[in-house]
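Only one structure is covered here, and it is reproduced in the block below.
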Amino acid sequence: MKKKRIRFKYMDFIDVDIELKQHYTVINGDSATGKTYMYEVISQYALENNSDDIICITLDNCLDSTSIIDKIKNKNEAIIIIDMADSIFSRSPEIKEFIEQDRKNYYIIMSRTFAKMYTELARPIISKNMVSIQYKMDLVQ
């Protein structure tokens with residue numbers, strides 16, 4: 001399986017560098033650990049640059065699960081970022097089911113408690129000018 005990387009400079013002072021090692025990466029952590037901040041930086045960059053390779057899903061834009069699934073199913077090697085995944089998946093289980101079967105794209109699933117289903121767990125790394133992730137397995141080594 002090849003790795004996928006998001007790397008860009010946002011607003012001339014925030015470096016974003018995220019390497020995805022698998023199709024599913026769960027960023028988990030308590031409130032105020034940087035998950036939503038990371039989502040907002042990446043989604044704003046994708047919006048401002050008309051990126052077709054990055055799809056951002058949060059409660060605000062997830063009102064119709066069919067349109068979300070339709071948006072994803074024709075993509076190949078796109079990066080789909082889901083903030084507040086716990087709430088989205090409980091409200092729209094069909095999105096969760098689709099994602100679990102999709103092997104064409106890469107997912108960053110941001111959650112407080114959803115991590116039990118996935119093996120690639122990571123935590124956000126936020127500093128004054130850097131946004132990244134650290135895989136929990138890397139923390140053990």
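We name chains A, B, ... following the order of the structure tokens; residues begin at 1 in each chain, and ligands are numbered from 1 as shown.
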
(request) Write out as a count of residues only which residues come within 7 Å of range 41-56 of chain A when counting only C-alpha atoms, dropping same-chain ones fewer than 2 positions away. (result) 10

(message) Could you list, as a list in words, every residue within 8 Å of Glu94 in chain A, counting only C-alpha atoms and ignoring same-chain residues fewer than 4 positions away?
(response) Ser65, Phe89 and Phe98 of chain A

(request) Determine which residues of chain A receive a DSSP assignment of strand (DSSP E), computed from the backbone, and state them as a ChimeraX atom specification. (result) /A:4-10,14-20,24-28,54-57,79-82,106-111,121-127,130-135

(message) Please list as a PyMOL selection string every residue within 12 Å of Ser111 in chain A, counting only C-alpha atoms and excluding residues in the same chain fewer than 5 positions away.
(response) chain A and resi 25-36+39+58+81-90+116-118+121-124

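With distances restricted to only C-alpha atoms, A:Ser132 is the closest residue to Asp17 in chain A from A:Arg112, A:Lys96, A:Lys71, A:Ser132.
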
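Between CA of Ile14 in chain A and CA of Ile68 in chain A lies a distance of 28.7 Å.
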